[in-house]
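Below is input-v5.pdb, holding PDB, C-alpha atoms.
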```pdb
MODEL        1
ATOM      1  CA  MET W   1     106.320 130.214 -95.301  1.00  0.00           C
ATOM      2  CA  LYS W   2     105.873 126.754 -96.673  1.00  0.00           C
ATOM      3  CA  ILE W   3     102.963 124.754 -95.380  1.00  0.00           C
ATOM      4  CA  ILE W   4     104.000 121.283 -94.295  1.00  0.00           C
ATOM      5  CA  LYS W   5     101.466 118.730 -95.444  1.00  0.00           C
ATOM      6  CA  LEU W   6     101.299 115.314 -93.843  1.00  0.00           C
ATOM      7  CA  ALA W   7      99.872 112.412 -95.786  1.00  0.00           C
ATOM      8  CA  ILE W   8      96.565 111.535 -94.218  1.00  0.00           C
ATOM      9  CA  THR W   9      97.066 107.880 -95.030  1.00  0.00           C
ATOM     10  CA  ALA W  10     100.060 107.835 -92.720  1.00  0.00           C
ATOM     11  CA  LEU W  11      97.837 109.005 -89.928  1.00  0.00           C
ATOM     12  CA  LEU W  12      95.308 106.303 -90.663  1.00  0.00           C
ATOM     13  CA  ALA W  13      97.960 103.647 -90.481  1.00  0.00           C
ATOM     14  CA  ALA W  14      98.827 104.817 -86.980  1.00  0.00           C
ATOM     15  CA  VAL W  15      95.411 104.148 -85.545  1.00  0.00           C
ATOM     16  CA  ALA W  16      92.831 101.453 -86.019  1.00  0.00           C
ATOM     17  CA  VAL W  17      89.871 103.203 -84.467  1.00  0.00           C
ATOM     18  CA  MET W  18      89.343 106.958 -84.076  1.00  0.00           C
ATOM     19  CA  SER W  19      86.549 108.887 -82.378  1.00  0.00           C
ATOM     20  CA  PHE W  20      84.663 111.655 -84.087  1.00  0.00           C
ATOM     21  CA  ALA W  21      85.595 115.193 -83.029  1.00  0.00           C
ATOM     22  CA  ASP W  22      83.216 117.033 -80.761  1.00  0.00           C
ATOM     23  CA  THR W  23      82.171 119.988 -82.915  1.00  0.00           C
ATOM     24  CA  SER W  24      79.756 121.520 -80.414  1.00  0.00           C
ATOM     25  CA  PRO W  25      80.347 125.196 -79.567  1.00  0.00           C
ATOM     26  CA  THR W  26      83.250 125.643 -77.170  1.00  0.00           C
ATOM     27  CA  PRO W  27      83.644 128.489 -74.650  1.00  0.00           C
ATOM     28  CA  SER W  28      86.574 130.826 -75.224  1.00  0.00           C
ATOM     29  CA  ASP W  29      89.762 128.984 -74.327  1.00  0.00           C
ATOM     30  CA  PRO W  30      93.134 130.801 -74.138  1.00  0.00           C
ATOM     31  CA  GLN W  31      94.977 127.780 -75.545  1.00  0.00           C
ATOM     32  CA  LEU W  32      92.603 127.465 -78.502  1.00  0.00           C
ATOM     33  CA  ASP W  33      92.678 131.214 -79.091  1.00  0.00           C
ATOM     34  CA  ALA W  34      96.481 131.139 -79.212  1.00  0.00           C
ATOM     35  CA  LEU W  35      96.444 128.119 -81.529  1.00  0.00           C
ATOM     36  CA  LYS W  36      93.983 129.896 -83.793  1.00  0.00           C
ATOM     37  CA  GLN W  37      96.357 132.824 -84.139  1.00  0.00           C
ATOM     38  CA  LEU W  38      99.278 130.493 -84.874  1.00  0.00           C
ATOM     39  CA  VAL W  39      97.368 128.697 -87.642  1.00  0.00           C
ATOM     40  CA  GLU W  40      96.353 131.997 -89.207  1.00  0.00           C
ATOM     41  CA  GLN W  41      99.992 133.121 -89.154  1.00  0.00           C
ATOM     42  CA  ARG W  42     101.108 129.858 -90.767  1.00  0.00           C
ATOM     43  CA  LEU W  43      98.535 130.088 -93.554  1.00  0.00           C
ATOM     44  CA  GLY W  44      98.861 133.829 -94.135  1.00  0.00           C
ATOM     45  CA  HIS W  45      97.105 135.564 -97.035  1.00  0.00           C
ATOM     46  CA  ASP W  46      94.461 136.996 -94.693  1.00  0.00           C
ATOM     47  CA  VAL W  47      93.132 133.502 -93.892  1.00  0.00           C
ATOM     48  CA  LYS W  48      90.563 133.520 -91.095  1.00  0.00           C
ATOM     49  CA  VAL W  49      90.015 130.524 -88.812  1.00  0.00           C
ATOM     50  CA  ASP W  50      86.361 130.255 -87.850  1.00  0.00           C
ATOM     51  CA  SER W  51      86.873 127.739 -85.049  1.00  0.00           C
ATOM     52  CA  ILE W  52      89.231 125.124 -83.618  1.00  0.00           C
ATOM     53  CA  THR W  53      88.096 121.973 -81.825  1.00  0.00           C
ATOM     54  CA  LYS W  54      90.166 119.321 -80.046  1.00  0.00           C
ATOM     55  CA  THR W  55      89.639 115.888 -81.570  1.00  0.00           C
ATOM     56  CA  ASN W  56      89.894 112.538 -79.832  1.00  0.00           C
ATOM     57  CA  PHE W  57      92.562 111.153 -82.152  1.00  0.00           C
ATOM     58  CA  LEU W  58      96.329 111.603 -82.420  1.00  0.00           C
ATOM     59  CA  GLY W  59      96.267 114.795 -80.371  1.00  0.00           C
ATOM     60  CA  LEU W  60      95.076 116.730 -83.407  1.00  0.00           C
ATOM     61  CA  TYR W  61      92.864 119.788 -83.579  1.00  0.00           C
ATOM     62  CA  GLU W  62      90.146 120.268 -86.172  1.00  0.00           C
ATOM     63  CA  VAL W  63      90.388 123.682 -87.860  1.00  0.00           C
ATOM     64  CA  ASN W  64      87.350 125.213 -89.578  1.00  0.00           C
ATOM     65  CA  LEU W  65      88.457 127.496 -92.406  1.00  0.00           C
ATOM     66  CA  GLY W  66      85.307 129.057 -93.793  1.00  0.00           C
ATOM     67  CA  GLY W  67      83.524 125.785 -94.386  1.00  0.00           C
ATOM     68  CA  GLU W  68      86.672 123.749 -95.084  1.00  0.00           C
ATOM     69  CA  ILE W  69      88.503 121.565 -92.566  1.00  0.00           C
ATOM     70  CA  ILE W  70      92.188 120.897 -91.942  1.00  0.00           C
ATOM     71  CA  TYR W  71      93.975 119.478 -88.896  1.00  0.00           C
ATOM     72  CA  THR W  72      96.924 120.658 -86.830  1.00  0.00           C
ATOM     73  CA  ASP W  73      98.925 119.749 -83.728  1.00  0.00           C
ATOM     74  CA  GLU W  74      98.957 121.766 -80.500  1.00  0.00           C
ATOM     75  CA  HIS W  75     101.843 123.944 -81.702  1.00  0.00           C
ATOM     76  CA  ALA W  76     100.560 124.434 -85.274  1.00  0.00           C
ATOM     77  CA  LYS W  77     103.827 122.963 -86.518  1.00  0.00           C
ATOM     78  CA  TYR W  78     102.041 120.626 -88.908  1.00  0.00           C
ATOM     79  CA  LEU W  79      98.992 121.357 -91.047  1.00  0.00           C
ATOM     80  CA  VAL W  80      97.207 118.238 -92.246  1.00  0.00           C
ATOM     81  CA  PHE W  81      95.035 118.358 -95.356  1.00  0.00           C
ATOM     82  CA  GLY W  82      92.666 115.506 -96.209  1.00  0.00           C
ATOM     83  CA  HIS W  83      89.906 113.323 -94.806  1.00  0.00           C
ATOM     84  CA  VAL W  84      90.234 111.293 -91.614  1.00  0.00           C
ATOM     85  CA  ILE W  85      88.637 107.893 -92.053  1.00  0.00           C
ATOM     86  CA  ASP W  86      88.148 105.119 -89.524  1.00  0.00           C
ATOM     87  CA  ALA W  87      90.274 102.254 -90.830  1.00  0.00           C
ATOM     88  CA  ASP W  88      87.889  99.651 -89.366  1.00  0.00           C
ATOM     89  CA  THR W  89      84.431 101.093 -90.087  1.00  0.00           C
ATOM     90  CA  HIS W  90      85.431 103.297 -93.048  1.00  0.00           C
ATOM     91  CA  GLU W  91      83.439 106.143 -91.543  1.00  0.00           C
ATOM     92  CA  ASP W  92      84.588 109.495 -92.904  1.00  0.00           C
ATOM     93  CA  TYR W  93      84.828 111.752 -89.846  1.00  0.00           C
ATOM     94  CA  THR W  94      85.871 114.775 -91.868  1.00  0.00           C
ATOM     95  CA  LYS W  95      82.827 114.450 -94.106  1.00  0.00           C
ATOM     96  CA  SER W  96      80.582 114.349 -91.045  1.00  0.00           C
ATOM     97  CA  SER W  97      82.210 117.493 -89.673  1.00  0.00           C
ATOM     98  CA  LEU W  98      81.881 119.270 -93.015  1.00  0.00           C
ATOM     99  CA  GLU W  99      78.190 118.435 -93.185  1.00  0.00           C
ATOM    100  CA  HIS W 100      77.757 119.825 -89.681  1.00  0.00           C
ATOM    101  CA  ILE W 101      79.577 123.126 -90.157  1.00  0.00           C
ATOM    102  CA  ASN W 102      78.082 123.765 -93.609  1.00  0.00           C
ATOM    103  CA  LYS W 103      74.491 123.231 -92.562  1.00  0.00           C
ATOM    104  CA  ILE W 104      72.209 126.264 -92.809  1.00  0.00           C
ATOM    105  CA  LYS W 105      68.819 127.297 -91.465  1.00  0.00           C
ATOM    106  CA  PHE W 106      66.646 126.920 -94.542  1.00  0.00           C
ATOM    107  CA  SER W 107      64.031 129.353 -93.246  1.00  0.00           C
ATOM    108  CA  ASP W 108      66.666 132.107 -93.198  1.00  0.00           C
ATOM    109  CA  LEU W 109      67.067 132.027 -96.977  1.00  0.00           C
ATOM    110  CA  PRO W 110      65.563 135.132 -98.674  1.00  0.00           C
ATOM    111  CA  LEU W 111      63.217 133.128-100.865  1.00  0.00           C
ATOM    112  CA  GLU W 112      61.706 136.300-102.304  1.00  0.00           C
ATOM    113  CA  SER W 113      65.028 136.763-104.126  1.00  0.00           C
ATOM    114  CA  SER W 114      64.698 133.440-105.930  1.00  0.00           C
ATOM    115  CA  ILE W 115      62.724 132.047-108.853  1.00  0.00           C
ATOM    116  CA  LYS W 116      60.122 129.572-107.606  1.00  0.00           C
ATOM    117  CA  MET W 117      59.062 126.417-109.442  1.00  0.00           C
ATOM    118  CA  VAL W 118      56.388 124.034-108.138  1.00  0.00           C
ATOM    119  CA  HIS W 119      55.543 120.625-109.597  1.00  0.00           C
ATOM    120  CA  GLY W 120      52.687 118.547-108.211  1.00  0.00           C
ATOM    121  CA  ASN W 121      52.093 119.019-104.495  1.00  0.00           C
ATOM    122  CA  GLY W 122      55.519 120.639-104.076  1.00  0.00           C
ATOM    123  CA  LYS W 123      56.190 118.898-100.764  1.00  0.00           C
ATOM    124  CA  ARG W 124      59.848 118.108-101.534  1.00  0.00           C
ATOM    125  CA  VAL W 125      61.656 121.425-101.221  1.00  0.00           C
ATOM    126  CA  ILE W 126      65.130 122.527-102.272  1.00  0.00           C
ATOM    127  CA  ALA W 127      66.969 125.773-102.915  1.00  0.00           C
ATOM    128  CA  VAL W 128      69.586 125.839-105.667  1.00  0.00           C
ATOM    129  CA  PHE W 129      72.302 128.389-106.371  1.00  0.00           C
ATOM    130  CA  GLU W 130      72.904 128.439-110.125  1.00  0.00           C
ATOM    131  CA  ASP W 131      74.786 130.450-112.718  1.00  0.00           C
ATOM    132  CA  PRO W 132      73.135 130.909-116.147  1.00  0.00           C
ATOM    133  CA  ASN W 133      76.438 129.946-117.801  1.00  0.00           C
ATOM    134  CA  CYS W 134      76.771 126.716-115.806  1.00  0.00           C
ATOM    135  CA  GLY W 135      76.496 123.528-117.859  1.00  0.00           C
ATOM    136  CA  TYR W 136      76.010 121.338-114.785  1.00  0.00           C
ATOM    137  CA  CYS W 137      73.199 123.648-113.667  1.00  0.00           C
ATOM    138  CA  LYS W 138      71.464 123.051-116.982  1.00  0.00           C
ATOM    139  CA  ARG W 139      71.834 119.320-116.489  1.00  0.00           C
ATOM    140  CA  LEU W 140      70.290 119.601-113.022  1.00  0.00           C
ATOM    141  CA  ARG W 141      67.465 121.744-114.397  1.00  0.00           C
ATOM    142  CA  HIS W 142      66.614 119.035-116.928  1.00  0.00           C
ATOM    143  CA  THR W 143      66.510 116.510-114.077  1.00  0.00           C
ATOM    144  CA  LEU W 144      64.262 118.684-111.919  1.00  0.00           C
ATOM    145  CA  ALA W 145      61.957 119.461-114.831  1.00  0.00           C
ATOM    146  CA  SER W 146      61.069 115.771-115.052  1.00  0.00           C
ATOM    147  CA  MET W 147      60.418 115.287-111.324  1.00  0.00           C
ATOM    148  CA  ASP W 148      57.055 115.528-109.601  1.00  0.00           C
ATOM    149  CA  ASN W 149      56.017 116.901-106.206  1.00  0.00           C
ATOM    150  CA  VAL W 150      58.930 119.313-105.880  1.00  0.00           C
ATOM    151  CA  THR W 151      59.370 122.963-105.034  1.00  0.00           C
ATOM    152  CA  VAL W 152      62.582 124.537-106.292  1.00  0.00           C
ATOM    153  CA  TYR W 153      63.824 127.981-105.271  1.00  0.00           C
ATOM    154  CA  THR W 154      66.520 129.074-107.723  1.00  0.00           C
ATOM    155  CA  PHE W 155      68.986 131.762-106.671  1.00  0.00           C
ATOM    156  CA  LEU W 156      70.821 133.342-109.598  1.00  0.00           C
ATOM    157  CA  TYR W 157      74.409 133.161-108.360  1.00  0.00           C
ATOM    158  CA  ASN W 158      76.613 134.846-110.951  1.00  0.00           C
ATOM    159  CA  ILE W 159      80.203 133.685-110.487  1.00  0.00           C
ATOM    160  CA  LEU W 160      81.293 132.169-113.811  1.00  0.00           C
ATOM    161  CA  ALA W 161      81.393 135.068-116.276  1.00  0.00           C
ATOM    162  CA  ASP W 162      80.786 138.793-116.526  1.00  0.00           C
ATOM    163  CA  ASP W 163      77.739 138.278-118.710  1.00  0.00           C
ATOM    164  CA  SER W 164      76.182 136.003-116.091  1.00  0.00           C
ATOM    165  CA  PHE W 165      74.946 139.188-114.403  1.00  0.00           C
ATOM    166  CA  VAL W 166      73.477 140.426-117.688  1.00  0.00           C
ATOM    167  CA  LYS W 167      71.691 137.160-118.415  1.00  0.00           C
ATOM    168  CA  SER W 168      70.348 136.968-114.868  1.00  0.00           C
ATOM    169  CA  LYS W 169      69.107 140.553-114.985  1.00  0.00           C
ATOM    170  CA  ASN W 170      67.369 139.971-118.303  1.00  0.00           C
ATOM    171  CA  ILE W 171      65.641 136.894-116.880  1.00  0.00           C
ATOM    172  CA  TRP W 172      64.708 138.597-113.614  1.00  0.00           C
ATOM    173  CA  CYS W 173      63.193 141.562-115.471  1.00  0.00           C
ATOM    174  CA  THR W 174      60.825 139.475-117.613  1.00  0.00           C
ATOM    175  CA  PRO W 175      57.110 139.257-116.774  1.00  0.00           C
ATOM    176  CA  ASP W 176      57.437 135.471-116.277  1.00  0.00           C
ATOM    177  CA  ARG W 177      60.785 134.732-114.621  1.00  0.00           C
ATOM    178  CA  LEU W 178      60.239 130.995-114.335  1.00  0.00           C
ATOM    179  CA  LYS W 179      59.441 130.650-118.039  1.00  0.00           C
ATOM    180  CA  ALA W 180      62.421 132.813-118.997  1.00  0.00           C
ATOM    181  CA  TRP W 181      64.749 130.762-116.785  1.00  0.00           C
ATOM    182  CA  ASP W 182      63.505 127.464-118.190  1.00  0.00           C
ATOM    183  CA  ASP W 183      63.630 128.799-121.753  1.00  0.00           C
ATOM    184  CA  TRP W 184      67.317 129.538-121.245  1.00  0.00           C
ATOM    185  CA  MET W 185      68.387 126.587-119.118  1.00  0.00           C
ATOM    186  CA  LEU W 186      66.375 123.930-120.945  1.00  0.00           C
ATOM    187  CA  ASN W 187      66.180 125.251-124.495  1.00  0.00           C
ATOM    188  CA  GLY W 188      68.962 127.817-124.865  1.00  0.00           C
ATOM    189  CA  LYS W 189      66.514 130.608-125.649  1.00  0.00           C
ATOM    190  CA  ALA W 190      67.892 133.851-124.211  1.00  0.00           C
ATOM    191  CA  ALA W 191      65.624 136.384-122.546  1.00  0.00           C
ATOM    192  CA  ALA W 192      65.139 139.777-124.156  1.00  0.00           C
ATOM    193  CA  ALA W 193      67.256 142.644-122.881  1.00  0.00           C
ATOM    194  CA  ALA W 194      65.965 144.087-119.624  1.00  0.00           C
ATOM    195  CA  PRO W 195      63.975 147.298-120.097  1.00  0.00           C
ATOM    196  CA  ALA W 196      65.476 150.500-118.757  1.00  0.00           C
ATOM    197  CA  SER W 197      62.664 150.691-116.229  1.00  0.00           C
ATOM    198  CA  CYS W 198      63.925 147.512-114.512  1.00  0.00           C
ATOM    199  CA  LYS W 199      66.563 148.882-112.197  1.00  0.00           C
ATOM    200  CA  THR W 200      66.365 146.552-109.201  1.00  0.00           C
ATOM    201  CA  THR W 201      67.481 142.910-109.176  1.00  0.00           C
ATOM    202  CA  PRO W 202      68.720 140.652-106.341  1.00  0.00           C
ATOM    203  CA  ASN W 203      71.992 139.911-108.156  1.00  0.00           C
ATOM    204  CA  ASP W 204      74.295 141.656-105.695  1.00  0.00           C
ATOM    205  CA  GLN W 205      72.408 140.424-102.628  1.00  0.00           C
ATOM    206  CA  VAL W 206      72.486 136.809-103.832  1.00  0.00           C
ATOM    207  CA  LEU W 207      76.195 137.083-104.613  1.00  0.00           C
ATOM    208  CA  ALA W 208      76.873 138.366-101.097  1.00  0.00           C
ATOM    209  CA  LEU W 209      74.715 135.611 -99.607  1.00  0.00           C
ATOM    210  CA  GLY W 210      76.520 132.916-101.569  1.00  0.00           C
ATOM    211  CA  LYS W 211      79.894 134.156-100.362  1.00  0.00           C
ATOM    212  CA  LYS W 212      78.619 134.245 -96.791  1.00  0.00           C
ATOM    213  CA  LEU W 213      77.499 130.620 -97.161  1.00  0.00           C
ATOM    214  CA  HIS W 214      80.890 129.678 -98.654  1.00  0.00           C
ATOM    215  CA  ILE W 215      79.373 128.607-101.974  1.00  0.00           C
ATOM    216  CA  THR W 216      82.290 128.219-104.365  1.00  0.00           C
ATOM    217  CA  GLY W 217      80.652 126.369-107.245  1.00  0.00           C
ATOM    218  CA  THR W 218      77.374 125.894-109.061  1.00  0.00           C
ATOM    219  CA  PRO W 219      75.027 124.240-108.740  1.00  0.00           C
ATOM    220  CA  THR W 220      74.874 124.044-104.956  1.00  0.00           C
ATOM    221  CA  ILE W 221      71.722 122.491-103.506  1.00  0.00           C
ATOM    222  CA  PHE W 222      70.249 123.083-100.061  1.00  0.00           C
ATOM    223  CA  PHE W 223      67.605 120.716 -98.694  1.00  0.00           C
ATOM    224  CA  SER W 224      64.844 121.596 -96.251  1.00  0.00           C
ATOM    225  CA  ASP W 225      66.875 120.243 -93.312  1.00  0.00           C
ATOM    226  CA  GLY W 226      69.652 122.733 -94.115  1.00  0.00           C
ATOM    227  CA  SER W 227      72.090 120.186 -95.529  1.00  0.00           C
ATOM    228  CA  ARG W 228      73.867 120.976 -98.771  1.00  0.00           C
ATOM    229  CA  ALA W 229      75.049 119.052-101.798  1.00  0.00           C
ATOM    230  CA  PRO W 230      77.499 120.536-104.309  1.00  0.00           C
ATOM    231  CA  GLY W 231      77.090 119.536-107.933  1.00  0.00           C
ATOM    232  CA  ALA W 232      74.380 118.293-110.262  1.00  0.00           C
ATOM    233  CA  MET W 233      72.723 115.391-108.447  1.00  0.00           C
ATOM    234  CA  ASP W 234      70.880 112.946-110.662  1.00  0.00           C
ATOM    235  CA  GLY W 235      67.285 111.895-110.107  1.00  0.00           C
ATOM    236  CA  ALA W 236      68.158 108.762-108.152  1.00  0.00           C
ATOM    237  CA  ALA W 237      70.421 110.663-105.747  1.00  0.00           C
ATOM    238  CA  LEU W 238      67.754 113.324-105.185  1.00  0.00           C
ATOM    239  CA  GLU W 239      65.118 110.682-104.503  1.00  0.00           C
ATOM    240  CA  GLU W 240      67.409 108.931-102.034  1.00  0.00           C
ATOM    241  CA  LYS W 241      68.126 112.184-100.205  1.00  0.00           C
ATOM    242  CA  TRP W 242      64.465 113.157 -99.996  1.00  0.00           C
ATOM    243  CA  ALA W 243      63.596 109.679 -98.721  1.00  0.00           C
ATOM    244  CA  SER W 244      66.156 110.099 -95.924  1.00  0.00           C
ATOM    245  CA  LEU W 245      64.425 113.301 -94.778  1.00  0.00           C
ATOM    246  CA  GLN W 246      61.053 111.664 -94.248  1.00  0.00           C
TER     247      GLN W 246
ENDMDL
END
```
Please go through the file and, once you have read it, give me the structure as structure tokens.
Amino acid sequence: MKIIKLAITALLAAVAVMSFADTSPTPSDPQLDALKQLVEQRLGHDVKVDSITKTNFLGLYEVNLGGEIIYTDEHAKYLVFGHVIDADTHEDYTKSSLEHINKIKFSDLPLESSIKMVHGNGKRVIAVFEDPNCGYCKRLRHTLASMDNVTVYTFLYNILADDSFVKSKNIWCTPDRLKAWDDWMLNGKAAAAAPASCKTTPNDQVLALGKKLHITGTPTIFFSDGSRAPGAMDGAALEEKWASLQ
């Protein structure tokens, strides 16, 4: 069945000021449960709706689809794709909702399955999901290599090519994982083939974790407050983010 998309700009023209949706947990509601089923039927392809919340604008409902957001009406007749922005203040309500639903508990990350790098006092902490075949990851690694007072936990998230798993295993199985990772990401020097005795790596566990966290691209950065940033942030953007966490 065709999905009917409404232009989000048309919605913005209809209202001057809109209130941000209340995304706090909502008790089970028969109406929302029924709407959830309708949206899933409309989208098909085994799509699962994580949650639906009533917004305060245009009678729309905010639909959480595994870390992505769309909007619908009370009958799921229309499915609206795009960002809702306050025409007066230019506040992006959809962005705020995305940041909220995609936040994680940093302490829950299995840091023992990552490669740890510490520069200086290490007080500025991030976790990064990277693929060894990712050019943007290499760019980010060059940026991080020049920064002081950081701790970086790198999760080898192999999603770009079949040999990403091989490269990650070879790096994980070296005596000095950090050096092997930097040799590859910074200098293009590949690690030696993993010895036959190295049978256990966190590759599969990290892949499952990344899917659970709805990570669809590399690099993806998580900060100590649980917020995430997709893509290779430059030094200035990282500094600005860290400053906001103080």
Taking the file above as input, evaluate the PyMOL selection byres ((chain W and resi 245) around 10) and report the hits as a JSON list (two decimals) with C-alpha atoms, keeping the file's coordinate frame.
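Result file selection_34.json:
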```json
[["chain", "number", "residue", "atom", "x", "y", "z"],
["W", 124, "ARG", "CA", 59.85, 118.11, -101.53],
["W", 223, "PHE", "CA", 67.60, 120.72, -98.69],
["W", 224, "SER", "CA", 64.84, 121.60, -96.25],
["W", 225, "ASP", "CA", 66.88, 120.24, -93.31],
["W", 240, "GLU", "CA", 67.41, 108.93, -102.03],
["W", 241, "LYS", "CA", 68.13, 112.18, -100.20],
["W", 242, "TRP", "CA", 64.46, 113.16, -100.00],
["W", 243, "ALA", "CA", 63.60, 109.68, -98.72],
["W", 244, "SER", "CA", 66.16, 110.10, -95.92],
["W", 246, "GLN", "CA", 61.05, 111.66, -94.25]]
```
Exercise. Kindly extract all protein, DNA and RNA residues lying within 12 Å of the coordinates (90.8, 126.0, -98.1) given in the file, considering only C-alpha atoms, and supply them as a VMD selection string.
Key: chain W and resid 43 to 45 47 to 50 63 to 71 79 to 82 214 216
Exercise. Determine the nearest neighbour of Phe155 of chain W from the options W:Ala208, W:Leu60, W:Ala193, W:Val84, counting all atoms listed in the file.
Key: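 Smallest distance to Phe155 of chain W is found for W:Ala208.
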Self-check item: Polymer residues at most 12 Å from (61.0, 119.5, -112.1) by all atoms listed in the file, as a count of residues only
Solution: 32
Self-check item: atom CA of Leu98 of chain W to atom CA of Arg42 of chain W, straight-line distance in Å
Solution: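 According to the coordinates, atom CA of Arg42 of chain W and atom CA of Leu98 of chain W are separated by 22.1 Å.
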Practice problem: For the file shown, report as a count of residues only the outcome of the PyMOL selection byres ((chain W and resi 157-174) around 12) at residue level. | Solution: 60
Exercise. Between atom CA of Leu32 of chain W and atom CA of Ile52 of chain W, measure the distance and give it in Å to one decimal.
Key: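 So the answer is 6.6 Å.
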Practice problem: Kindly indicate which residue among W:Gln37, W:Thr72, W:Asn56, W:Gln31 lies nearest to Tyr93 of chain W, using only C-alpha atoms for the distances. | Solution: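 Distance minimum relative to Tyr93 of chain W lands on W:Asn56.
Shortest atom-to-atom contact with Lys212 of chain W among W:Ile85, W:Gly59, W:Ile104, W:Ser51: W:Ile104, counting only C-alpha atoms.
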With 4 Å of padding per side, what axis-aligned box (centre and edge lengths, Å, one decimal) covers all the listed atoms of segment 172-177 of chain W? Give it as JSON.
```
{"center_x": 60.9, "center_y": 138.1, "center_z": -115.6, "size_x": 15.6, "size_y": 14.8, "size_z": 12.0}
```
Quiz prompt | Computed interatomic separation between atom CA of Asp86 of chain W and atom CA of Leu38 of chain W (Å) | solution = 28.1 Å
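Between Glu62 of chain W and the residues W:Asp29, W:Asp46, W:Ile101, W:Gly231, the shortest atom-to-atom distance, using all atoms listed in the file, involves W:Ile101.
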Quiz item: Closest to Thr55 of chain W among W:Pro30, W:Ile221, W:Ser97, W:His75, using all atoms listed in the file?
Solution: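 Closest candidate: W:Ser97.
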